[in-house]
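Engineer: I'm passing along protein.cif; it holds mmCIF, C-alpha atoms.
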data_input
#
loop_
_atom_site.label_atom_id
_atom_site.label_comp_id
_atom_site.auth_asym_id
_atom_site.auth_seq_id
_atom_site.Cartn_x
_atom_site.Cartn_y
_atom_site.Cartn_z
CA MET W 1 -8.94 25.87 -10.51
CA GLY W 2 -5.81 27.08 -12.22
CA LEU W 3 -6.13 30.86 -12.15
CA GLY W 4 -2.36 31.28 -12.38
CA PRO W 5 -1.44 34.93 -11.82
CA LEU W 6 -5.03 36.00 -11.36
CA ALA W 7 -5.97 36.57 -7.75
CA LEU W 8 -9.02 34.74 -6.50
CA CYS W 9 -9.36 37.52 -3.98
CA ALA W 10 -10.50 39.68 -6.89
CA GLN W 11 -14.04 38.55 -6.18
CA ALA W 12 -16.75 41.12 -5.63
CA GLU W 13 -18.51 40.83 -2.30
CA THR W 14 -22.18 41.60 -2.64
CA THR W 15 -24.56 43.02 -0.09
CA ALA W 16 -26.26 39.97 1.36
CA ALA W 17 -27.74 40.00 4.81
CA PRO W 18 -30.21 37.17 5.37
CA GLY W 19 -29.02 37.18 8.96
CA ALA W 20 -26.43 38.69 11.23
CA GLY W 21 -22.89 37.49 10.53
CA SER W 22 -23.68 36.17 7.06
CA SER W 23 -22.10 37.07 3.73
CA ALA W 24 -22.21 36.01 0.11
CA THR W 25 -19.66 36.48 -2.66
CA ILE W 26 -20.37 36.41 -6.38
CA TYR W 27 -17.28 35.59 -8.43
CA GLY W 28 -16.26 34.30 -11.81
CA VAL W 29 -13.69 33.84 -14.54
CA LEU W 30 -14.13 34.45 -18.26
CA ASP W 31 -11.41 32.93 -20.42
CA ALA W 32 -11.32 32.70 -24.20
CA GLY W 33 -8.55 31.92 -26.64
CA VAL W 34 -7.58 30.69 -30.08
CA VAL W 35 -6.52 27.04 -30.22
CA ALA W 36 -4.63 25.45 -33.11
CA GLU W 37 -4.08 21.67 -33.08
CA ARG W 38 -1.89 19.36 -35.09
CA GLY W 39 -1.35 15.60 -35.29
CA CYS W 40 -4.99 14.54 -35.00
CA ALA W 41 -6.18 11.06 -35.95
CA ALA W 42 -8.78 12.78 -38.13
CA ASN W 43 -8.43 16.23 -39.66
CA CYS W 44 -7.57 19.00 -37.20
CA ALA W 45 -9.26 22.37 -37.42
CA SER W 46 -6.72 24.96 -38.56
CA GLY W 47 -7.86 27.10 -35.65
CA LYS W 48 -10.85 27.68 -33.40
CA VAL W 49 -12.05 29.95 -30.62
CA ALA W 50 -12.40 28.03 -27.37
CA GLY W 51 -13.59 28.95 -23.89
CA GLY W 52 -11.80 28.03 -20.69
CA VAL W 53 -8.35 27.41 -22.16
CA ALA W 54 -6.11 28.57 -19.30
CA SER W 55 -8.82 28.40 -16.62
CA GLY W 56 -12.31 26.97 -16.84
CA SER W 57 -14.79 29.82 -17.29
CA ARG W 58 -17.28 29.96 -14.43
CA LEU W 59 -19.86 31.92 -12.47
CA GLY W 60 -20.26 31.14 -8.80
CA VAL W 61 -21.60 32.22 -5.46
CA GLN W 62 -20.11 31.23 -2.13
CA GLY W 63 -20.80 32.31 1.40
CA ARG W 64 -20.90 31.61 5.08
CA GLU W 65 -23.00 32.34 8.13
CA ALA W 66 -21.60 32.52 11.64
CA LEU W 67 -23.55 30.12 13.88
CA GLY W 68 -21.70 30.83 17.12
CA ASN W 69 -19.01 28.97 19.06
CA GLU W 70 -16.59 29.50 16.13
CA VAL W 71 -18.79 27.43 13.81
CA SER W 72 -19.99 28.68 10.42
CA ALA W 73 -22.29 27.30 7.76
CA VAL W 74 -20.56 27.39 4.34
CA TYR W 75 -21.75 26.77 0.80
CA ALA W 76 -20.79 27.14 -2.86
CA LEU W 77 -22.58 26.86 -6.18
CA GLU W 78 -20.33 27.14 -9.25
CA ALA W 79 -21.51 26.87 -12.84
CA GLY W 80 -19.13 26.10 -15.69
CA ILE W 81 -19.57 28.21 -18.83
CA ALA W 82 -18.43 27.50 -22.37
CA ASN W 83 -18.13 31.19 -23.10
CA ASP W 84 -17.22 30.72 -26.74
CA THR W 85 -20.82 29.58 -27.30
CA GLY W 86 -22.60 30.64 -24.10
CA GLN W 87 -23.57 27.06 -23.32
CA SER W 88 -23.40 25.36 -19.95
CA GLU W 89 -20.25 23.31 -19.39
CA GLU W 90 -20.86 19.54 -19.36
CA GLY W 91 -24.63 20.10 -19.54
CA ARG W 92 -24.87 20.72 -15.77
CA LEU W 93 -26.24 23.83 -14.09
CA PHE W 94 -23.66 23.76 -11.28
CA GLY W 95 -21.25 21.18 -12.67
CA ARG W 96 -18.07 22.67 -11.22
CA GLN W 97 -19.04 22.72 -7.54
CA ALA W 98 -22.20 22.41 -5.46
CA TYR W 99 -21.75 21.82 -1.73
CA VAL W 100 -22.87 22.83 1.74
CA GLY W 101 -21.34 22.17 5.14
CA LEU W 102 -19.83 23.41 8.39
CA ASP W 103 -16.49 25.07 9.09
CA SER W 104 -14.98 25.32 12.56
CA ARG W 105 -11.66 25.30 14.39
CA LEU W 106 -11.77 21.49 14.09
CA GLY W 107 -11.89 21.68 10.29
CA ALA W 108 -14.41 21.85 7.45
CA LEU W 109 -16.98 19.15 6.61
CA THR W 110 -18.84 19.59 3.31
CA LEU W 111 -21.26 17.52 1.22
CA GLY W 112 -22.04 17.66 -2.50
CA ARG W 113 -20.19 17.78 -5.83
CA GLN W 114 -16.56 18.58 -5.03
CA TYR W 115 -13.02 18.44 -6.41
CA ASN W 116 -11.04 15.22 -6.35
CA LEU W 117 -8.18 15.78 -3.89
CA GLN W 118 -5.52 14.35 -6.18
CA TYR W 119 -6.56 16.66 -9.01
CA VAL W 120 -6.13 19.59 -6.59
CA THR W 121 -2.66 18.34 -5.66
CA LEU W 122 -1.66 17.96 -9.31
CA THR W 123 -2.85 21.41 -10.38
CA ASP W 124 -2.10 23.47 -7.28
CA VAL W 125 1.19 21.91 -6.17
CA ALA W 126 2.85 20.06 -9.08
CA ASP W 127 1.92 21.83 -12.30
CA PRO W 128 3.41 25.21 -13.26
CA PHE W 129 0.56 25.55 -15.81
CA ARG W 130 -1.99 24.91 -13.01
CA GLY W 131 -4.01 22.49 -15.10
CA GLY W 132 -4.57 24.91 -17.97
CA MET W 133 -3.30 25.90 -21.41
CA ALA W 134 -1.66 23.40 -23.75
CA GLY W 135 0.94 22.63 -21.09
CA SER W 136 -1.50 21.11 -18.61
CA ALA W 137 0.16 18.21 -16.78
CA GLY W 138 -3.20 16.45 -16.84
CA ASN W 139 -2.65 15.65 -20.52
CA LEU W 140 -0.49 12.75 -19.34
CA ALA W 141 -0.54 12.57 -15.52
CA GLY W 142 -3.23 10.36 -14.01
CA TYR W 143 -5.85 11.65 -11.59
CA GLY W 144 -9.05 9.81 -12.56
CA ALA W 145 -11.67 12.59 -12.59
CA LYS W 146 -11.65 16.27 -11.64
CA ARG W 147 -14.77 16.14 -9.49
CA TYR W 148 -16.94 13.59 -7.72
CA ASP W 149 -20.68 13.59 -7.12
CA ASN W 150 -22.32 12.57 -3.82
CA THR W 151 -19.18 13.44 -1.86
CA VAL W 152 -18.40 13.91 1.81
CA LYS W 153 -15.18 15.88 2.30
CA TYR W 154 -13.26 16.77 5.45
CA VAL W 155 -10.33 19.20 5.59
CA THR W 156 -8.31 19.73 8.76
CA PRO W 157 -7.06 23.13 9.86
CA ALA W 158 -3.36 23.75 9.21
CA LEU W 159 -1.12 23.07 12.22
CA ARG W 160 2.45 24.33 11.85
CA GLY W 161 2.11 24.02 8.10
CA VAL W 162 0.67 20.48 8.17
CA SER W 163 -2.84 19.81 6.90
CA ALA W 164 -4.83 16.80 5.71
CA ALA W 165 -8.03 16.04 3.85
CA ALA W 166 -10.20 13.03 3.10
CA ILE W 167 -13.01 12.48 0.62
CA TYR W 168 -15.63 9.77 0.11
CA SER W 169 -18.01 9.63 -2.85
CA PHE W 170 -21.02 7.33 -2.56
CA GLY W 171 -21.58 5.20 -5.66
CA GLU W 172 -25.35 5.28 -5.14
CA SER W 173 -25.87 2.29 -7.41
CA PRO W 174 -28.98 0.19 -6.73
CA TYR W 175 -27.00 -2.90 -7.77
CA SER W 176 -23.82 -2.58 -5.71
CA ARG W 177 -22.57 -0.11 -3.13
CA ALA W 178 -19.04 -0.63 -4.47
CA GLN W 179 -19.77 0.36 -8.07
CA ASN W 180 -18.99 3.97 -8.92
CA ARG W 181 -17.66 4.62 -5.41
CA ALA W 182 -14.57 6.79 -4.89
CA TYR W 183 -12.42 7.77 -1.93
CA GLY W 184 -9.07 9.33 -1.22
CA ALA W 185 -6.89 11.36 1.12
CA THR W 186 -4.17 14.01 1.04
CA LEU W 187 -1.44 14.97 3.50
CA GLY W 188 0.37 18.24 2.89
CA TYR W 189 2.99 20.60 4.30
CA SER W 190 3.27 24.24 3.31
CA ALA W 191 5.52 26.74 5.08
CA GLY W 192 7.72 29.47 3.69
CA ALA W 193 9.18 28.48 0.33
CA VAL W 194 8.25 24.78 0.59
CA ASN W 195 5.01 23.14 -0.50
CA VAL W 196 4.75 19.31 -0.44
CA SER W 197 1.71 17.08 -0.80
CA VAL W 198 1.00 13.34 -0.98
CA SER W 199 -2.37 12.18 -2.36
CA HIS W 200 -4.01 8.83 -2.96
CA GLN W 201 -7.37 8.10 -4.52
CA ARG W 202 -9.39 5.12 -5.67
CA LYS W 203 -12.32 5.15 -8.10
CA ASN W 204 -14.33 1.96 -8.55
CA ASN W 205 -15.74 0.71 -11.84
CA PHE W 206 -18.44 3.11 -13.03
CA ILE W 207 -21.84 2.36 -14.56
CA GLN W 208 -22.29 3.79 -18.06
CA ALA W 209 -26.04 3.19 -18.09
CA GLU W 210 -28.47 2.08 -15.41
CA GLY W 211 -28.18 -1.64 -14.83
CA THR W 212 -25.09 -2.10 -17.01
CA VAL W 213 -21.38 -2.39 -16.38
CA PRO W 214 -18.66 -1.42 -18.89
CA ALA W 215 -17.11 -4.24 -20.90
CA ILE W 216 -13.74 -3.19 -19.49
CA ASP W 217 -13.31 -2.35 -15.82
CA MET W 218 -12.40 1.37 -15.73
CA SER W 219 -11.47 1.43 -12.05
CA ALA W 220 -8.51 3.57 -11.03
CA ARG W 221 -5.95 3.84 -8.26
CA ASN W 222 -3.71 6.88 -8.31
CA THR W 223 -0.96 8.01 -5.94
CA LEU W 224 0.88 11.31 -6.36
CA VAL W 225 3.81 12.89 -4.53
CA ALA W 226 4.11 16.56 -5.52
CA ALA W 227 6.22 19.53 -4.46
CA ASN W 228 7.21 23.04 -5.41
CA LEU W 229 9.98 25.23 -4.06
CA ASP W 230 10.10 29.02 -4.29
CA LEU W 231 13.72 29.89 -5.09
CA GLY W 232 13.10 33.60 -5.28
CA LEU W 233 14.01 34.14 -8.91
CA ALA W 234 11.97 31.07 -9.94
CA THR W 235 9.72 28.35 -8.58
CA ALA W 236 10.67 24.73 -9.26
CA PHE W 237 8.03 21.99 -9.56
CA ALA W 238 8.30 18.21 -9.39
CA ALA W 239 6.02 15.20 -9.00
CA VAL W 240 5.97 11.42 -9.20
CA GLY W 241 2.78 9.44 -9.76
CA LEU W 242 1.78 5.76 -9.66
CA ASN W 243 -1.34 4.69 -11.56
CA ARG W 244 -3.23 1.40 -11.71
CA GLY W 245 -6.37 0.52 -13.66
CA TYR W 246 -7.64 1.41 -17.12
CA GLY W 247 -9.37 4.52 -15.77
CA SER W 248 -6.21 5.84 -14.13
CA SER W 249 -4.73 7.77 -17.07
CA PRO W 250 -6.18 10.61 -19.19
CA TRP W 251 -6.79 8.73 -22.40
CA ASP W 252 -10.17 9.43 -23.98
CA PRO W 253 -11.38 6.44 -26.07
CA SER W 254 -13.96 8.66 -27.81
CA VAL W 255 -11.39 10.86 -29.58
CA ALA W 256 -11.65 9.74 -33.19
CA TYR W 257 -10.78 6.08 -32.54
CA SER W 258 -13.31 3.39 -33.35
CA SER W 259 -11.73 0.40 -31.60
CA LEU W 260 -11.90 0.43 -27.81
CA ALA W 261 -9.18 -2.24 -27.64
CA LEU W 262 -6.79 -0.08 -29.64
CA SER W 263 -7.61 3.08 -27.72
CA MET W 264 -7.29 1.76 -24.16
CA SER W 265 -4.81 3.58 -21.99
CA SER W 266 -2.29 1.97 -19.67
CA SER W 267 -3.48 -0.04 -16.67
CA ASP W 268 -0.09 0.29 -14.93
CA SER W 269 2.01 3.41 -15.34
CA ARG W 270 4.36 5.86 -13.66
CA ASP W 271 4.31 9.63 -14.13
CA THR W 272 7.25 12.00 -13.74
CA LEU W 273 6.91 15.78 -13.88
CA MET W 274 9.48 18.57 -13.76
CA GLY W 275 8.71 22.23 -14.29
CA VAL W 276 9.64 25.83 -13.63
CA SER W 277 7.91 29.19 -13.37
CA VAL W 278 9.98 32.38 -13.75
CA PRO W 279 8.45 35.83 -13.10
CA VAL W 280 9.98 38.64 -15.18
CA ALA W 281 8.36 42.06 -14.73
CA GLY W 282 4.68 41.48 -15.58
CA PHE W 283 5.49 38.25 -17.43
CA LYS W 284 5.63 34.71 -16.11
CA LEU W 285 7.60 32.19 -18.14
CA LEU W 286 6.48 28.55 -17.80
CA ALA W 287 8.06 25.28 -18.85
CA SER W 288 7.44 21.64 -17.99
CA TYR W 289 8.31 18.09 -18.97
CA VAL W 290 5.94 15.19 -18.21
CA ARG W 291 6.73 11.54 -18.87
CA LYS W 292 4.26 8.66 -18.91
CA ASP W 293 6.04 5.33 -18.36
CA ASP W 294 3.68 2.52 -19.36
CA ARG W 295 4.43 -0.73 -17.50
CA ASP W 296 1.98 -2.82 -19.58
CA LEU W 297 3.28 -5.21 -22.24
CA ALA W 298 2.26 -2.76 -24.98
CA ASN W 299 4.76 -0.25 -23.51
CA ARG W 300 2.79 2.76 -24.78
CA ASP W 301 4.98 5.45 -23.31
CA ALA W 302 4.54 9.17 -23.93
CA ASN W 303 6.26 12.40 -23.01
CA GLN W 304 5.16 16.02 -23.20
CA VAL W 305 7.27 19.15 -23.51
CA ALA W 306 5.49 22.47 -22.89
CA LEU W 307 6.36 26.16 -22.96
CA GLY W 308 4.13 29.05 -21.95
CA VAL W 309 3.97 32.68 -20.95
CA THR W 310 1.44 34.89 -19.18
CA TYR W 311 1.38 38.68 -19.02
CA SER W 312 -0.55 40.31 -16.20
CA LEU W 313 -2.39 43.53 -16.96
CA SER W 314 -3.73 43.58 -13.39
CA LYS W 315 -4.52 41.16 -10.58
CA ARG W 316 -7.68 40.22 -12.50
CA SER W 317 -6.65 40.20 -16.15
CA ASP W 318 -3.90 38.58 -18.19
CA PHE W 319 -2.88 37.40 -21.64
CA TYR W 320 -1.42 33.91 -22.13
CA ALA W 321 0.22 31.82 -24.81
CA SER W 322 1.46 28.24 -24.72
CA TYR W 323 2.64 25.38 -26.89
CA ALA W 324 2.88 21.68 -26.05
CA LYS W 325 3.95 18.61 -27.98
CA ILE W 326 3.36 14.99 -26.97
CA HIS W 327 5.55 12.24 -28.37
CA ASN W 328 3.49 9.03 -28.32
CA LYS W 329 5.19 5.65 -28.60
CA ASN W 330 3.96 2.21 -29.71
CA GLY W 331 0.46 3.40 -30.58
CA ALA W 332 -0.23 5.56 -27.52
CA ARG W 333 -3.05 8.07 -28.12
CA TYR W 334 -2.50 10.86 -25.60
CA THR W 335 -3.66 14.29 -26.75
CA VAL W 336 -2.79 17.91 -25.92
CA GLY W 337 -5.76 19.48 -24.17
CA ASN W 338 -6.27 22.43 -21.86
CA ALA W 339 -8.34 23.41 -18.81
CA SER W 340 -11.69 22.55 -20.44
CA ASP W 341 -10.95 20.32 -23.44
CA SER W 342 -9.11 16.99 -23.71
CA GLY W 343 -7.82 17.93 -27.18
CA ARG W 344 -7.64 15.97 -30.44
CA GLY W 345 -4.02 16.13 -31.58
CA ASP W 346 -0.52 15.49 -30.27
CA ALA W 347 0.44 19.19 -30.49
CA ALA W 348 -1.39 22.43 -29.77
CA PHE W 349 -0.83 26.18 -29.57
CA ASN W 350 -2.99 28.50 -27.44
CA LEU W 351 -3.29 32.29 -27.41
CA GLY W 352 -5.88 33.93 -25.19
CA PHE W 353 -7.13 36.34 -22.55
CA ARG W 354 -8.87 35.83 -19.21
CA HIS W 355 -10.48 38.06 -16.62
CA GLY W 356 -11.49 37.26 -13.07
CA PHE W 357 -14.18 39.13 -11.13
#
Show me, as structure tokens, the structure contained in the file I just sent.
Structural biologist:
Amino acid sequence: MGLGPLALCAQAETTAAPGAGSSATIYGVLDAGVVAERGCAANCASGKVAGGVASGSRLGVQGREALGNEVSAVYALEAGIANDTGQSEEGRLFGRQAYVGLDSRLGALTLGRQYNLQYVTLTDVADPFRGGMAGSAGNLAGYGAKRYDNTVKYVTPALRGVSAAAIYSFGESPYSRAQNRAYGATLGYSAGAVNVSVSHQRKNNFIQAEGTVPAIDMSARNTLVAANLDLGLATAFAAVGLNRGYGSSPWDPSVAYSSLALSMSSSDSRDTLMGVSVPVAGFKLLASYVRKDDRDLANRDANQVALGVTYSLSKRSDFYASYAKIHNKNGARYTVGNASDSGRGDAAFNLGFRHGF
């Protein structure tokens, strides 16, 4: 997700003919940049090389086979790569996507590891940074998790600009069918200059180890209304989010804080996002403001201001730079991350290069 100016159509189609009417596409993104962080709870590194800053680096294969009667079998396997070290992202072989299903004029039904619909709405509709660089709206805006395992997903065909999707992730716990379960839906409209989407998701309390339940219920309920409007000279972005549950906001308790009680995020919050993207020659200027309004008694509000720029060398390659600063209030611990890292400090600068193939 979050290729920005890079065209996903810049994917090389390989010769693959296991049967008539079948095709396979090998594609990928390699993204690496220098990241400098400030305002960490512990010492920040003065600078580091990181992979997947603007877009998560990946290598994937996707394809389809025509089965007749306007029905096709579809599949995708997508591996995340930490290309600063060459390691696998998150320790999974195909941790970004792994699904198979059917696509027809009635819609697409797929099963496997797939993107959370609200995360897609946040990055593709609401965020001018498309979920990457220091300006990622996901530093503050709640969406629960990027992807779900054990998922059944259905996407309708677009009808006069209107489309919908639904997702259900089986918890697959031997102790309770409700534990670790997730589900959600999205309704969207896209026609001409207007793109609007409404998403809702729910993630039940997850199991940290087999047979155990976390001391604090990390369930999440997130609702997001997002829109962007192409004004010709610029594209305006806006979103409003409602979040409930301790797992509903992007606050990582493991980031240099020893006390879980002190590092818990809000269980009731509102998100507001405003942004703009301005193309100028080969450049694209980006800016956004995100506010986290904590409705808990602790009132741990936060706001993020971000600026960025990309410069396209081609449809496949671009340079990028960005800076974001989070102002945390009353002990809030939100951090400036990027497409692949949650970050450690309340400010960060990125400078990098990415190439899609």
Engineer: Neighbours of Val278 in chain W within 10 Å (all atoms listed in the file; same-chain residues fewer than 6 positions away dropped), as a list in words?
Structural biologist: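 Counting only the stated atoms, we get Pro128, Leu231, Gly232, Leu233, Ala234, Thr235, Ala236, Lys284, Leu285, Leu286, Ala287 and Val309 of chain W.
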Engineer: Can you translate the PyMOL selection byres ((chain W and resi 53) around 8) into the concrete residues it hits in this file, as a ChimeraX atom specification?
Structural biologist: /W:31-33,50-52,54-56,132-134,338-341,350,352
Engineer: Include C-alpha atoms and write out the residues we just selected as a short mmCIF file (atom, residue, chain, number, x, y, z; two decimals), keeping the file's coordinate frame.
Structural biologist:
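Below you can see out-v8.cif, which holds the result:
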data_model
loop_
_atom_site.label_atom_id
_atom_site.label_comp_id
_atom_site.auth_asym_id
_atom_site.auth_seq_id
_atom_site.Cartn_x
_atom_site.Cartn_y
_atom_site.Cartn_z
CA ASP W 31 -11.41 32.93 -20.42
CA ALA W 32 -11.32 32.70 -24.20
CA GLY W 33 -8.55 31.92 -26.64
CA ALA W 50 -12.40 28.03 -27.37
CA GLY W 51 -13.59 28.95 -23.89
CA GLY W 52 -11.80 28.03 -20.69
CA ALA W 54 -6.11 28.57 -19.30
CA SER W 55 -8.82 28.40 -16.62
CA GLY W 56 -12.31 26.97 -16.84
CA GLY W 132 -4.57 24.91 -17.97
CA MET W 133 -3.30 25.90 -21.41
CA ALA W 134 -1.66 23.40 -23.75
CA ASN W 338 -6.27 22.43 -21.86
CA ALA W 339 -8.34 23.41 -18.81
CA SER W 340 -11.69 22.55 -20.44
CA ASP W 341 -10.95 20.32 -23.44
CA ASN W 350 -2.99 28.50 -27.44
CA GLY W 352 -5.88 33.93 -25.19
#
Engineer: On this structure, which residues satisfy the PyMOL selection byres ((chain W and resi 145-150) around 9), written as a short mmCIF file (atom, residue, chain, number, x, y, z; two decimals) with C-alpha atoms, in the coordinates of the input?
Structural biologist:
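Final output, result12.cif:
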data_model
loop_
_atom_site.label_atom_id
_atom_site.label_comp_id
_atom_site.auth_asym_id
_atom_site.auth_seq_id
_atom_site.Cartn_x
_atom_site.Cartn_y
_atom_site.Cartn_z
CA GLY W 95 -21.25 21.18 -12.67
CA ARG W 96 -18.07 22.67 -11.22
CA GLN W 97 -19.04 22.72 -7.54
CA LEU W 111 -21.26 17.52 1.22
CA GLY W 112 -22.04 17.66 -2.50
CA ARG W 113 -20.19 17.78 -5.83
CA GLN W 114 -16.56 18.58 -5.03
CA TYR W 115 -13.02 18.44 -6.41
CA ASN W 116 -11.04 15.22 -6.35
CA LEU W 117 -8.18 15.78 -3.89
CA GLN W 118 -5.52 14.35 -6.18
CA TYR W 119 -6.56 16.66 -9.01
CA VAL W 120 -6.13 19.59 -6.59
CA GLY W 142 -3.23 10.36 -14.01
CA TYR W 143 -5.85 11.65 -11.59
CA GLY W 144 -9.05 9.81 -12.56
CA THR W 151 -19.18 13.44 -1.86
CA VAL W 152 -18.40 13.91 1.81
CA TYR W 168 -15.63 9.77 0.11
CA SER W 169 -18.01 9.63 -2.85
CA PHE W 170 -21.02 7.33 -2.56
CA GLY W 171 -21.58 5.20 -5.66
CA GLU W 172 -25.35 5.28 -5.14
CA ALA W 182 -14.57 6.79 -4.89
CA LYS W 203 -12.32 5.15 -8.10
CA GLY W 247 -9.37 4.52 -15.77
CA SER W 248 -6.21 5.84 -14.13
CA PRO W 250 -6.18 10.61 -19.19
#
Engineer: Fewer than 6 positions away in the same chain doesn't count, so skip those; otherwise give me all residues within 6 Å of Glu89 in chain W, counting all atoms listed in the file, as a PyMOL selection string.
Structural biologist: chain W and resi 80-82
Engineer: How would the residues just picked look written out with C-alpha atoms as a PDB file, keeping the file's coordinate frame?
Structural biologist:
ATOM      1  CA  GLY W  80     -19.130  26.100 -15.690  1.00  0.00           C
ATOM      2  CA  ILE W  81     -19.570  28.210 -18.830  1.00  0.00           C
ATOM      3  CA  ALA W  82     -18.430  27.500 -22.370  1.00  0.00           C
TER       4      ALA W  82
END
Engineer: Applying 12 Å and only C-alpha atoms, which residues near Ala302 in chain W remain after dropping the ones on its own chain fewer than 3 positions away? List them as an mmCIF file with C-alpha atoms, in the frame of the given file.
Structural biologist:
data_model
loop_
_atom_site.group_PDB
_atom_site.id
_atom_site.type_symbol
_atom_site.label_atom_id
_atom_site.label_comp_id
_atom_site.auth_asym_id
_atom_site.auth_seq_id
_atom_site.Cartn_x
_atom_site.Cartn_y
_atom_site.Cartn_z
ATOM 1 C CA ASN W 139 -2.650 15.650 -20.520
ATOM 2 C CA LEU W 140 -0.490 12.750 -19.340
ATOM 3 C CA ALA W 141 -0.540 12.570 -15.520
ATOM 4 C CA SER W 249 -4.730 7.770 -17.070
ATOM 5 C CA PRO W 250 -6.180 10.610 -19.190
ATOM 6 C CA TRP W 251 -6.790 8.730 -22.400
ATOM 7 C CA SER W 265 -4.810 3.580 -21.990
ATOM 8 C CA SER W 266 -2.290 1.970 -19.670
ATOM 9 C CA SER W 269 2.010 3.410 -15.340
ATOM 10 C CA ARG W 270 4.360 5.860 -13.660
ATOM 11 C CA ASP W 271 4.310 9.630 -14.130
ATOM 12 C CA THR W 272 7.250 12.000 -13.740
ATOM 13 C CA TYR W 289 8.310 18.090 -18.970
ATOM 14 C CA VAL W 290 5.940 15.190 -18.210
ATOM 15 C CA ARG W 291 6.730 11.540 -18.870
ATOM 16 C CA LYS W 292 4.260 8.660 -18.910
ATOM 17 C CA ASP W 293 6.040 5.330 -18.360
ATOM 18 C CA ASP W 294 3.680 2.520 -19.360
ATOM 19 C CA ARG W 295 4.430 -0.730 -17.500
ATOM 20 C CA ASN W 299 4.760 -0.250 -23.510
ATOM 21 C CA VAL W 305 7.270 19.150 -23.510
ATOM 22 C CA LYS W 325 3.950 18.610 -27.980
ATOM 23 C CA ILE W 326 3.360 14.990 -26.970
ATOM 24 C CA HIS W 327 5.550 12.240 -28.370
ATOM 25 C CA ASN W 328 3.490 9.030 -28.320
ATOM 26 C CA LYS W 329 5.190 5.650 -28.600
ATOM 27 C CA ASN W 330 3.960 2.210 -29.710
ATOM 28 C CA GLY W 331 0.460 3.400 -30.580
ATOM 29 C CA ALA W 332 -0.230 5.560 -27.520
ATOM 30 C CA ARG W 333 -3.050 8.070 -28.120
ATOM 31 C CA TYR W 334 -2.500 10.860 -25.600
ATOM 32 C CA THR W 335 -3.660 14.290 -26.750
ATOM 33 C CA VAL W 336 -2.790 17.910 -25.920
ATOM 34 C CA ASP W 346 -0.520 15.490 -30.270
#
Engineer: Using all atoms listed in the file, what residues lie at most 10 Å away from (6.6, 16.9, -4.5) (file coordinates), given as a list of chain:residue names?
Structural biologist: W:Thr121, W:Leu122, W:Val125, W:Ala126, W:Gly188, W:Val194, W:Asn195, W:Val196, W:Ser197, W:Val198, W:Leu224, W:Val225, W:Ala226, W:Ala227, W:Asn228, W:Leu229, W:Phe237, W:Ala238, W:Ala239, W:Val240, W:Gly241, W:Leu273, W:Met274
Engineer: Once you have the residues from the selection above, write them out as a JSON list (two decimals), keeping the file's coordinate frame, restricted to C-alpha atoms.
Structural biologist:
[["chain", "number", "residue", "atom", "x", "y", "z"],
["W", 121, "THR", "CA", -2.66, 18.34, -5.66],
["W", 122, "LEU", "CA", -1.66, 17.96, -9.31],
["W", 125, "VAL", "CA", 1.19, 21.91, -6.17],
["W", 126, "ALA", "CA", 2.85, 20.06, -9.08],
["W", 188, "GLY", "CA", 0.37, 18.24, 2.89],
["W", 194, "VAL", "CA", 8.25, 24.78, 0.59],
["W", 195, "ASN", "CA", 5.01, 23.14, -0.50],
["W", 196, "VAL", "CA", 4.75, 19.31, -0.44],
["W", 197, "SER", "CA", 1.71, 17.08, -0.80],
["W", 198, "VAL", "CA", 1.00, 13.34, -0.98],
["W", 224, "LEU", "CA", 0.88, 11.31, -6.36],
["W", 225, "VAL", "CA", 3.81, 12.89, -4.53],
["W", 226, "ALA", "CA", 4.11, 16.56, -5.52],
["W", 227, "ALA", "CA", 6.22, 19.53, -4.46],
["W", 228, "ASN", "CA", 7.21, 23.04, -5.41],
["W", 229, "LEU", "CA", 9.98, 25.23, -4.06],
["W", 237, "PHE", "CA", 8.03, 21.99, -9.56],
["W", 238, "ALA", "CA", 8.30, 18.21, -9.39],
["W", 239, "ALA", "CA", 6.02, 15.20, -9.00],
["W", 240, "VAL", "CA", 5.97, 11.42, -9.20],
["W", 241, "GLY", "CA", 2.78, 9.44, -9.76],
["W", 273, "LEU", "CA", 6.91, 15.78, -13.88],
["W", 274, "MET", "CA", 9.48, 18.57, -13.76]]
Engineer: Quick one: distance from CA of Phe283 in chain W to CA of Leu313 in chain W in Å, one decimal?
Structural biologist: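 Distance between the two atoms: 9.5 Å.
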Engineer: Taking all atoms listed in the file into account, name the residue in W:Arg160, W:Arg64, W:Arg130, W:Arg316 that is nearest to Ser190 in chain W.
Structural biologist: W:Arg160
Engineer: So that I can see what lies close to Gly28 in chain W, please list as a list of chain:residue names the residues with an atom at most 6 Å from it, counting only C-alpha atoms and leaving out residues fewer than 4 positions away in the same chain.
Structural biologist: W:Arg58, W:Leu59, W:Gly60, W:Gly356, W:Phe357
Engineer: For the residues selected in the previous step, produce a file with C-alpha atoms as a CSV table (one decimal), in the coordinates of the input.
Structural biologist:
chain,number,residue,atom,x,y,z
W,58,ARG,CA,-17.3,30.0,-14.4
W,59,LEU,CA,-19.9,31.9,-12.5
W,60,GLY,CA,-20.3,31.1,-8.8
W,356,GLY,CA,-11.5,37.3,-13.1
W,357,PHE,CA,-14.2,39.1,-11.1
Engineer: Report as a PyMOL selection string the residues that result from applying the PyMOL selection byres ((chain W and resi 102) around 9) to the structure here.
Structural biologist: chain W and resi 64+71-75+100-101+103-104+107-110
Engineer: Work out how far apart CA of Ser317 in chain W and CA of Ser22 in chain W are and give it in Å to one decimal.
Structural biologist: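 We find that CA of Ser317 in chain W and CA of Ser22 in chain W lie 29.1 Å from each other.
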Engineer: May I have the protein, DNA and RNA residues with an atom at most 8 Å from (-5.9, 12.7, -37.4), counting all atoms listed in the file in the file's coordinates, returned as a PyMOL selection string?
Structural biologist: chain W and resi 39-44+256+344-345
